[in-house]
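Pasting structure-v9.cif here (mmCIF, C-alpha atoms and all ligand atoms):
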data_structure
#
loop_
_atom_site.label_atom_id
_atom_site.label_comp_id
_atom_site.auth_asym_id
_atom_site.auth_seq_id
_atom_site.Cartn_x
_atom_site.Cartn_y
_atom_site.Cartn_z
CA GLU A 1 140.33 -168.96 62.08
CA GLN A 2 137.91 -166.24 63.21
CA ILE A 3 137.89 -167.80 66.66
CA GLU A 4 141.68 -167.92 66.73
CA LYS A 5 141.77 -164.23 65.92
CA GLY A 6 139.80 -163.61 69.10
CA GLY A 7 137.61 -160.90 67.60
CA TYR A 8 140.46 -159.01 65.94
CA GLU A 9 140.44 -158.41 62.21
CA HIS A 10 143.96 -159.77 61.78
CA PHE A 11 146.46 -161.89 63.71
CA MET A 12 148.91 -159.01 63.57
CA LEU A 13 146.54 -156.69 65.42
CA LYS A 14 145.73 -159.40 67.96
CA GLU A 15 149.44 -159.97 68.53
CA ILE A 16 150.12 -156.25 68.90
CA TYR A 17 147.41 -156.13 71.58
CA GLU A 18 148.76 -159.23 73.30
CA GLN A 19 152.05 -157.49 74.09
CA PRO A 20 151.28 -156.31 77.65
CA GLN A 21 150.47 -159.91 78.61
CA ALA A 22 153.27 -161.43 76.52
CA ILE A 23 155.89 -159.18 78.13
CA LYS A 24 154.51 -160.06 81.56
CA ASP A 25 154.61 -163.78 80.71
CA THR A 26 158.23 -163.35 79.65
CA TYR A 27 159.48 -161.85 82.90
CA ARG A 28 157.00 -163.52 85.27
CA GLY A 29 158.71 -166.02 87.52
CA ARG A 30 162.08 -164.62 86.46
CA LEU A 31 162.34 -161.36 88.32
CA ARG A 32 161.92 -160.27 91.93
CA ALA A 33 162.29 -156.51 91.99
CA ASP A 34 162.27 -156.16 95.81
CA ASP A 35 165.26 -158.45 96.25
CA GLY A 36 166.99 -157.53 92.99
CA ILE A 37 166.92 -161.14 91.81
CA ILE A 38 166.68 -162.43 88.24
CA LYS A 39 166.23 -166.16 87.79
CA MET A 40 167.27 -167.58 84.43
CA ALA A 41 168.43 -171.16 84.79
CA GLY A 42 170.00 -171.29 81.31
CA MET A 43 172.30 -168.43 82.25
CA GLU A 44 172.98 -169.38 85.85
CA ASP A 45 174.36 -172.76 84.86
CA HIS A 46 176.94 -171.04 82.64
CA MET A 47 177.49 -167.74 84.39
CA GLU A 48 181.27 -168.09 84.27
CA LYS A 49 181.14 -168.18 80.46
CA PHE A 50 179.27 -164.88 80.41
CA VAL A 51 181.30 -163.17 83.12
CA HIS A 52 184.64 -164.06 81.53
CA ALA A 53 183.62 -163.63 77.90
CA ASP A 54 185.96 -161.45 75.84
CA ARG A 55 183.04 -160.51 73.64
CA ILE A 56 179.39 -161.23 73.12
CA LEU A 57 178.50 -161.91 69.51
CA ILE A 58 174.88 -161.74 68.47
CA ALA A 59 173.60 -163.36 65.27
CA ALA A 60 170.05 -163.22 63.93
CA CYS A 61 167.91 -162.27 60.91
CA GLY A 62 165.12 -159.79 60.21
CA THR A 63 163.27 -158.43 63.20
CA SER A 64 165.29 -160.66 65.53
CA TRP A 65 168.43 -158.92 64.25
CA HIS A 66 166.87 -155.60 65.28
CA ALA A 67 166.29 -157.02 68.77
CA GLY A 68 169.99 -157.91 68.70
CA LEU A 69 170.92 -154.32 67.91
CA VAL A 70 168.87 -153.09 70.86
CA ALA A 71 170.65 -155.70 72.99
CA GLU A 72 174.03 -154.35 71.87
CA TYR A 73 173.21 -150.97 73.42
CA ILE A 74 171.88 -152.58 76.60
CA PHE A 75 174.72 -155.08 77.12
CA GLU A 76 177.52 -152.64 76.44
CA ASP A 77 175.95 -149.95 78.58
CA LEU A 78 175.17 -152.16 81.58
CA THR A 79 177.82 -154.90 81.46
CA ARG A 80 180.78 -153.21 79.69
CA THR A 81 181.35 -156.42 77.69
CA PRO A 82 182.00 -155.59 74.01
CA VAL A 83 179.18 -156.71 71.71
CA GLU A 84 179.05 -157.32 67.98
CA VAL A 85 175.80 -157.88 66.14
CA GLU A 86 175.84 -159.81 62.88
CA TYR A 87 173.38 -160.83 60.23
CA ALA A 88 173.55 -164.60 60.55
CA SER A 89 173.75 -164.89 56.76
CA GLU A 90 176.90 -162.74 56.61
CA PHE A 91 178.49 -164.12 59.74
CA ARG A 92 178.56 -167.67 58.44
CA TYR A 93 180.30 -166.79 55.20
CA ARG A 94 182.92 -164.27 56.20
CA ASN A 95 185.39 -166.41 58.13
CA PRO A 96 184.72 -164.52 61.37
CA VAL A 97 187.14 -164.47 64.28
CA ILE A 98 185.53 -166.61 66.97
CA THR A 99 187.31 -167.99 70.01
CA GLU A 100 186.53 -170.13 73.03
CA LYS A 101 186.26 -166.94 75.04
CA ASP A 102 183.34 -165.65 72.98
CA VAL A 103 179.70 -166.08 73.80
CA LEU A 104 177.33 -166.18 70.83
CA ILE A 105 173.73 -165.22 71.50
CA VAL A 106 171.37 -166.25 68.71
CA ILE A 107 167.90 -164.75 68.55
CA SER A 108 165.04 -166.36 66.64
CA GLN A 109 161.28 -166.34 66.97
CA SER A 110 160.76 -169.58 65.07
CA GLY A 111 163.99 -171.25 66.09
CA GLU A 112 164.21 -172.62 62.53
CA THR A 113 165.92 -169.91 60.46
CA ALA A 114 168.54 -171.68 58.33
CA ASP A 115 171.21 -168.97 58.45
CA THR A 116 170.92 -168.60 62.22
CA LEU A 117 171.24 -172.36 62.66
CA ALA A 118 174.35 -172.32 60.48
CA ALA A 119 175.84 -169.53 62.63
CA ILE A 120 175.42 -171.76 65.69
CA LYS A 121 177.18 -174.63 63.98
CA LEU A 122 180.11 -172.43 63.01
CA ALA A 123 180.48 -170.90 66.48
CA ARG A 124 180.32 -174.32 68.14
CA GLU A 125 183.03 -175.64 65.85
CA LYS A 126 185.28 -172.78 66.96
CA GLY A 127 184.59 -173.52 70.61
CA ALA A 128 182.34 -170.60 71.49
CA PHE A 129 179.51 -170.93 73.96
CA VAL A 130 176.10 -170.56 72.27
CA PHE A 131 173.02 -169.21 74.00
CA GLY A 132 169.66 -169.29 72.19
CA VAL A 133 166.81 -166.83 72.67
CA CYS A 134 163.83 -168.48 70.95
CA ASN A 135 160.08 -168.34 71.09
CA VAL A 136 159.21 -171.79 69.79
CA VAL A 137 159.85 -174.40 72.46
CA GLY A 138 161.90 -177.39 71.32
CA SER A 139 162.79 -175.71 67.99
CA SER A 140 166.02 -176.59 66.15
CA ILE A 141 167.86 -173.49 67.38
CA ALA A 142 166.79 -174.16 70.97
CA ARG A 143 168.11 -177.71 70.64
CA GLU A 144 171.38 -176.82 68.93
CA SER A 145 172.37 -174.12 71.47
CA HIS A 146 174.33 -175.02 74.62
CA ALA A 147 171.75 -173.22 76.74
CA GLY A 148 169.02 -170.64 76.30
CA ALA A 149 165.98 -168.74 77.43
CA TYR A 150 162.51 -168.82 75.89
CA THR A 151 160.58 -165.66 75.21
CA HIS A 152 157.16 -167.13 76.15
CA ALA A 153 155.35 -164.82 73.69
CA GLY A 154 152.89 -167.55 72.68
CA PRO A 155 152.30 -168.48 69.03
CA GLU A 156 152.97 -165.65 66.58
CA ILE A 157 150.97 -166.19 63.38
CA GLY A 158 151.26 -162.84 61.57
CA VAL A 159 154.30 -162.88 59.29
CA ALA A 160 155.30 -159.42 60.50
CA SER A 161 156.84 -159.98 63.91
CA THR A 162 155.47 -157.87 66.78
CA LYS A 163 155.19 -159.54 70.17
CA ALA A 164 158.19 -161.76 69.42
CA PHE A 165 160.30 -158.58 69.08
CA THR A 166 159.23 -156.98 72.36
CA THR A 167 159.56 -160.23 74.29
CA GLN A 168 163.03 -160.83 72.80
CA ILE A 169 164.05 -157.39 74.07
CA THR A 170 162.56 -158.27 77.46
CA VAL A 171 164.63 -161.46 77.75
CA LEU A 172 167.79 -159.78 76.49
CA THR A 173 167.34 -156.93 78.99
CA LEU A 174 166.98 -159.41 81.85
CA MET A 175 170.10 -161.21 80.63
CA ALA A 176 172.09 -157.97 80.50
CA LEU A 177 170.91 -157.00 83.98
CA LYS A 178 171.78 -160.42 85.35
CA LEU A 179 175.25 -160.28 83.84
CA ALA A 180 175.74 -156.71 85.04
CA ALA A 181 174.83 -157.77 88.57
CA ALA A 182 177.27 -160.72 88.37
CA LYS A 183 180.07 -158.51 87.03
CA GLY A 184 179.32 -155.76 89.51
CA THR A 185 178.93 -153.15 86.76
CA ILE A 186 175.63 -151.98 88.24
CA SER A 187 174.72 -151.57 91.88
CA ARG A 188 172.01 -153.50 93.66
CA THR A 189 169.94 -150.34 93.94
CA GLU A 190 170.21 -149.72 90.20
CA LEU A 191 169.22 -153.31 89.51
CA GLN A 192 166.17 -152.98 91.74
CA ARG A 193 165.23 -149.76 89.99
CA TYR A 194 165.47 -151.36 86.53
CA LEU A 195 163.41 -154.35 87.63
CA THR A 196 160.74 -152.12 89.12
CA GLU A 197 160.65 -150.19 85.84
CA MET A 198 160.37 -153.48 83.95
CA GLU A 199 157.31 -154.39 85.97
CA ALA A 200 155.72 -151.11 84.89
CA VAL A 201 156.27 -151.84 81.16
CA PRO A 202 153.05 -153.83 80.49
CA ASP A 203 150.88 -150.94 81.75
CA LYS A 204 152.85 -148.48 79.67
CA VAL A 205 152.43 -150.67 76.56
CA GLU A 206 148.71 -150.74 77.37
CA GLN A 207 148.71 -146.92 77.43
CA CYS A 208 150.33 -146.90 73.97
CA LEU A 209 147.59 -149.18 72.68
CA GLN A 210 144.99 -146.71 73.89
CA ILE A 211 146.16 -144.12 71.35
CA ASN A 212 145.34 -146.52 68.52
CA GLU A 213 142.63 -144.26 67.05
CA HIS A 214 144.99 -141.30 66.88
CA VAL A 215 147.64 -143.43 65.13
CA LYS A 216 144.95 -144.70 62.75
CA TYR A 217 144.06 -141.11 61.88
CA ILE A 218 147.72 -140.33 61.08
CA ALA A 219 147.84 -143.52 58.98
CA SER A 220 144.86 -142.30 56.95
CA LEU A 221 146.80 -139.15 55.98
CA TYR A 222 149.88 -141.01 54.75
CA GLN A 223 148.47 -144.21 53.29
CA GLU A 224 149.33 -143.08 49.76
CA ALA A 225 152.93 -142.10 50.52
CA PRO A 226 155.40 -143.74 48.10
CA ASN A 227 158.29 -143.51 50.60
CA CYS A 228 158.78 -143.07 54.29
CA LEU A 229 161.84 -142.37 56.42
CA TYR A 230 162.29 -143.44 60.05
CA LEU A 231 164.84 -141.78 62.31
CA GLY A 232 165.99 -142.52 65.84
CA ARG A 233 169.12 -142.31 67.96
CA GLY A 234 170.80 -144.46 70.57
CA TYR A 235 168.54 -147.20 71.87
CA ASN A 236 165.88 -145.97 69.48
CA PHE A 237 167.95 -146.25 66.32
CA PRO A 238 167.12 -149.99 66.01
CA VAL A 239 163.49 -149.08 66.70
CA ALA A 240 163.61 -146.82 63.62
CA LEU A 241 164.97 -149.74 61.56
CA GLU A 242 162.22 -152.00 62.86
CA GLY A 243 159.52 -149.38 62.18
CA ALA A 244 160.68 -149.09 58.57
CA LEU A 245 160.88 -152.86 58.14
CA LYS A 246 157.33 -153.27 59.47
CA LEU A 247 155.97 -150.69 57.04
CA LYS A 248 157.71 -152.09 53.97
CA GLU A 249 156.88 -155.71 54.84
CA ILE A 250 153.13 -155.29 55.03
CA SER A 251 152.23 -152.11 53.09
CA TYR A 252 154.85 -152.35 50.30
CA ILE A 253 155.73 -148.69 50.85
CA HIS A 254 159.45 -148.13 50.44
CA ALA A 255 160.73 -147.27 53.89
CA GLU A 256 164.17 -146.77 55.36
CA GLY A 257 165.36 -146.52 58.93
CA TYR A 258 168.39 -144.37 59.73
CA PRO A 259 170.26 -143.10 62.76
CA ALA A 260 169.01 -139.51 62.95
CA ALA A 261 172.44 -137.88 62.76
CA GLU A 262 173.36 -139.88 59.67
CA MET A 263 170.46 -138.27 57.81
CA LYS A 264 172.70 -135.53 56.46
CA HIS A 265 174.90 -138.13 54.76
CA GLY A 266 172.21 -139.22 52.34
CA PRO A 267 168.51 -139.37 53.14
CA ILE A 268 168.21 -135.60 53.53
CA ALA A 269 168.48 -135.43 49.73
CA LEU A 270 165.14 -137.22 49.50
CA ILE A 271 163.19 -134.88 51.73
CA ASP A 272 160.44 -132.78 50.16
CA GLU A 273 156.76 -132.18 50.84
CA GLN A 274 155.95 -135.74 49.71
CA MET A 275 158.14 -137.40 52.32
CA PRO A 276 156.74 -138.41 55.70
CA VAL A 277 159.50 -138.76 58.30
CA VAL A 278 158.79 -140.68 61.48
CA VAL A 279 161.13 -139.44 64.20
CA ILE A 280 161.53 -141.01 67.61
CA ALA A 281 162.19 -137.93 69.69
CA THR A 282 162.27 -139.13 73.26
CA ARG A 283 163.79 -136.88 75.93
CA TYR A 284 167.16 -138.50 76.46
CA GLY A 285 170.75 -137.29 76.11
CA HIS A 286 170.61 -136.58 72.38
CA TYR A 287 167.18 -134.94 72.45
CA GLU A 288 168.40 -131.47 71.45
CA LYS A 289 170.23 -132.97 68.48
CA VAL A 290 167.14 -134.83 67.32
CA VAL A 291 165.18 -131.59 67.65
CA SER A 292 167.64 -129.90 65.29
CA ASN A 293 167.26 -132.84 62.85
CA ILE A 294 163.51 -132.24 62.96
CA GLN A 295 164.07 -128.56 62.17
CA GLU A 296 166.21 -129.52 59.19
CA ILE A 297 163.45 -131.76 57.87
CA LYS A 298 160.87 -129.08 58.46
CA SER A 299 162.84 -126.48 56.55
CA ARG A 300 162.82 -128.87 53.57
CA LYS A 301 159.05 -129.23 53.90
CA GLY A 302 159.12 -132.89 55.01
CA LYS A 303 156.11 -134.07 57.02
CA ILE A 304 157.05 -134.98 60.57
CA ILE A 305 155.37 -137.66 62.63
CA ALA A 306 157.13 -137.54 65.99
CA VAL A 307 157.00 -140.11 68.76
CA VAL A 308 157.51 -138.06 71.91
CA MET A 309 157.25 -138.52 75.63
CA GLU A 310 154.22 -137.30 77.53
CA GLY A 311 154.30 -133.59 78.22
CA ASP A 312 156.76 -132.77 75.42
CA THR A 313 156.28 -129.24 74.20
CA THR A 314 159.38 -128.51 72.07
CA VAL A 315 158.82 -131.15 69.38
CA SER A 316 155.04 -130.74 69.51
CA GLU A 317 155.46 -127.17 68.25
CA ILE A 318 157.43 -128.14 65.15
CA ALA A 319 156.10 -131.59 64.21
CA ASP A 320 153.07 -132.07 61.98
CA HIS A 321 151.82 -134.88 64.22
CA VAL A 322 152.87 -136.13 67.61
CA ILE A 323 152.31 -139.51 69.18
CA GLU A 324 152.78 -139.37 72.95
CA VAL A 325 154.15 -142.34 74.83
CA PRO A 326 154.62 -142.69 78.59
CA GLU A 327 157.86 -141.70 80.28
CA ILE A 328 160.34 -144.56 80.76
CA THR A 329 164.04 -145.03 81.40
CA GLU A 330 166.05 -145.02 78.16
CA THR A 331 167.23 -148.64 78.51
CA LEU A 332 163.66 -149.91 78.37
CA SER A 333 162.31 -147.33 75.93
CA PRO A 334 162.38 -149.54 72.78
CA LEU A 335 159.64 -151.65 74.39
CA ILE A 336 157.41 -148.59 74.36
CA THR A 337 158.39 -146.57 71.28
CA THR A 338 157.98 -149.64 69.05
CA ILE A 339 154.25 -149.96 69.77
CA PRO A 340 152.91 -146.91 67.88
CA LEU A 341 155.15 -147.79 64.90
CA GLN A 342 153.60 -151.27 64.75
CA LEU A 343 150.12 -149.72 64.81
CA LEU A 344 151.04 -147.15 62.16
CA SER A 345 152.25 -149.77 59.69
CA TYR A 346 149.29 -152.03 60.46
CA HIS A 347 146.70 -149.33 59.72
CA ILE A 348 148.46 -148.11 56.58
CA ALA A 349 148.61 -151.67 55.23
CA VAL A 350 144.92 -152.30 56.00
CA MET A 351 143.93 -149.01 54.33
CA ARG A 352 145.92 -149.99 51.24
CA GLY A 353 144.04 -153.29 51.08
CA CYS A 354 147.16 -155.39 51.69
CA ASN A 355 147.18 -158.90 53.06
CA VAL A 356 148.53 -157.92 56.45
CA ASP A 357 149.01 -161.37 57.94
CA GLN A 358 150.52 -162.93 54.83
CA PRO A 359 152.37 -160.31 52.83
CA ARG A 360 153.47 -161.25 49.34
CA ASN A 361 156.82 -163.02 48.91
CA LEU A 362 157.47 -163.29 52.66
CA ALA A 363 157.50 -166.35 54.88
CA LYS A 364 157.08 -166.57 58.63
CA SER A 365 160.17 -168.66 58.87
CA VAL A 366 162.97 -168.89 56.32
CA THR A 367 164.28 -172.43 56.53
CA VAL A 368 166.26 -172.30 53.29
CA GLU A 369 169.16 -170.06 52.35
C1 LIG A 401 161.37 -163.92 58.39
C2 LIG A 401 160.15 -163.38 59.08
C3 LIG A 401 160.54 -162.24 60.02
C4 LIG A 401 161.60 -162.70 60.99
C5 LIG A 401 162.80 -163.33 60.28
C6 LIG A 401 163.71 -164.05 61.26
O1 LIG A 401 161.88 -162.97 57.53
O2 LIG A 401 159.21 -162.92 58.13
O3 LIG A 401 159.41 -161.78 60.75
O4 LIG A 401 162.03 -161.62 61.77
O5 LIG A 401 162.37 -164.31 59.34
O6 LIG A 401 162.99 -165.13 61.81
P1 LIG A 401 163.27 -165.80 63.19
O7 LIG A 401 162.20 -166.85 63.34
O8 LIG A 401 164.63 -166.39 63.13
O9 LIG A 401 163.16 -164.75 64.24
#
When written as structure tokens, how does the structure in this file appear?
Amino acid sequence: EQIEKGGYEHFMLKEIYEQPQAIKDTYRGRLRADDGIIKMAGMEDHMEKFVHADRILIAACGTSWHAGLVAEYIFEDLTRTPVEVEYASEFRYRNPVITEKDVLIVISQSGETADTLAAIKLAREKGAFVFGVCNVVGSSIARESHAGAYTHAGPEIGVASTKAFTTQITVLTLMALKLAAAKGTISRTELQRYLTEMEAVPDKVEQCLQINEHVKYIASLYQEAPNCLYLGRGYNFPVALEGALKLKEISYIHAEGYPAAEMKHGPIALIDEQMPVVVIATRYGHYEKVVSNIQEIKSRKGKIIAVVMEGDTTVSEIADHVIEVPEITETLSPLITTIPLQLLSYHIAVMRGCNVDQPRNLAKSVTVE
């Protein structure tokens, strides 16, 4: 096992560090930025289904569901096709409206999650086209879908999903770009620009990994916290959910993710000097609004850990701690902002003496209801 861990203390840490390569492996052979070409055989063979779909439904569980939420922002923004994201476990039991003009995308690392498999069965019965995004080659979900695309993340051993999440987002982004190009909702120049930015992601993830010691220091200050709140907006709202899930899964600290603006409808009541609040405060459209959320937290004495973009000065002045990540276009930003949150939860869990790779009560793959 020590050899398999490749010198890392835990599989989770190894898998966090594998992300630059895993993301590269996911897009390698699929994109040609110069020509604005994305090759994905599973999609090409059924392009008409995607182009003429009334809706895209996405069903998944856990971290894969969070990747689905990110995909909702990306698909709607780039392709203008309406998207609905569902917990597979709810979808299968609520008599959902599904037609032959719907495309269902299922997302699963293991390809064996029982509820996700059941969602496929239901959608197929109603005549929808099912596309699987899986990591495990030849898995049940890969076999039961009409077509699909693998994430090529390599084996993920740690129960808390890390590289599966970022590679899922990579595949889903390529899919959205490919559909957008086919529908003509983005220009060729825009497509080329996105693909060039995608090729820069692995180096940017690498840069995030280089601030590990700083994140570890922040972890040491908050390892005893009983609760933690994560806030983000837009594309980074699902990143906040995923950050909170990661922390609660492996450190057993109660954590909640919220869209930043929704804070005043509940979580703000919890804020006092004991409450660390992780805020993703990247410089996009709603930046000023997130800054005012940070001020509200500050005035209630909450402790702010802000993930900001390089060179940020506004948030740095108010936050208790800042974690700087490289500049990137908003569409691809979840691939970057997620990294420090993975490291933060990892270090807190290690400091609390938790079994990081095999947290209590959790399974890598949930094959029963
Ligand atoms: C379990 C795992 C999670 C995973 C979820 C969905 O809860 O512990 O890490 O996100 O199942 O699994 P899947 O294999 O379908 O992505």
* Contacts with ligand LIG 401 (chain A) at most 6 Å, all atoms listed in the file counted, listed as a ChimeraX atom specification -> /A:61-64,108-111,113,159-161,362-366
Just-selected residues, C-alpha atoms written as a PDB file, in the coordinates of the input:
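Contents of result.pdb, as written:
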ATOM      1  CA  CYS A  61     167.910-162.270  60.910  1.00  0.00           C
ATOM      2  CA  GLY A  62     165.120-159.790  60.210  1.00  0.00           C
ATOM      3  CA  THR A  63     163.270-158.430  63.200  1.00  0.00           C
ATOM      4  CA  SER A  64     165.290-160.660  65.530  1.00  0.00           C
ATOM      5  CA  SER A 108     165.040-166.360  66.640  1.00  0.00           C
ATOM      6  CA  GLN A 109     161.280-166.340  66.970  1.00  0.00           C
ATOM      7  CA  SER A 110     160.760-169.580  65.070  1.00  0.00           C
ATOM      8  CA  GLY A 111     163.990-171.250  66.090  1.00  0.00           C
ATOM      9  CA  THR A 113     165.920-169.910  60.460  1.00  0.00           C
ATOM     10  CA  VAL A 159     154.300-162.880  59.290  1.00  0.00           C
ATOM     11  CA  ALA A 160     155.300-159.420  60.500  1.00  0.00           C
ATOM     12  CA  SER A 161     156.840-159.980  63.910  1.00  0.00           C
ATOM     13  CA  LEU A 362     157.470-163.290  52.660  1.00  0.00           C
ATOM     14  CA  ALA A 363     157.500-166.350  54.880  1.00  0.00           C
ATOM     15  CA  LYS A 364     157.080-166.570  58.630  1.00  0.00           C
ATOM     16  CA  SER A 365     160.170-168.660  58.870  1.00  0.00           C
ATOM     17  CA  VAL A 366     162.970-168.890  56.320  1.00  0.00           C
TER      18      VAL A 366
END
* To do: Quick one: everything within 10 Å of His254 in chain A, counting all atoms listed in the file, minus sequence neighbours fewer than 3 positions away in the same chain. Send it as a ChimeraX atom specification.
  => /A:225-229,244-245,247-249,251
* Check the smallest atom-to-atom distance from each of A:Gly29, A:Pro96, A:Pro359, A:Pro267 to Leu122 in chain A using all atoms listed in the file, then report the winner. => A:Pro96
If I wrap all listed atoms of range 173-177 of chain A in a box with edges along x, y and z and add 8 Å on each side, what are its centre and edge lengths in Å to one decimal, as JSON?
{"center_x": 169.5, "center_y": -159.1, "center_z": 81.5, "size_x": 21.1, "size_y": 20.3, "size_z": 21.0}
Each residue of range 1-51 of chain A with at least one atom at most 10 Å from range 100-106 of chain A should appear once, together with its nearest atom pair and the corresponding distance in Å (one decimal); atoms considered: all atoms listed in the file; ordering: chain, then increasing residue number; output as a Markdown table.
| residue | atom | partner | partner_atom | distance |
| --- | --- | --- | --- | --- |
| A:Lys49 | CA | A:Val103 | CA | 7.1 |
| A:Phe50 | CA | A:Val103 | CA | 6.7 |
| A:Val51 | CA | A:Val103 | CA | 9.9 |
* Kindly extract all protein, DNA and RNA residues lying within 12 Å of the coordinates (160.5, -150.5, 88.1) given in the file, considering all atoms listed in the file, and supply them as a ChimeraX atom specification. => /A:31-34,36,189-204,328-329,331-332
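With distances restricted to only C-alpha atoms, A:Pro238 is the closest residue to Leu335 in chain A from A:Pro238, A:Gly132, A:Gly158, A:Gly184.
Note that CA of His10 in chain A and CA of Asn355 in chain A are 9.3 Å apart.
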* CA of Ile297 in chain A to CA of Ile336 in chain A: how many Å, to one decimal? -> 24.3 Å
* Between CA of Lys298 in chain A and CA of Glu324 in chain A, what is the distance, to one decimal in Å? -> 19.5 Å
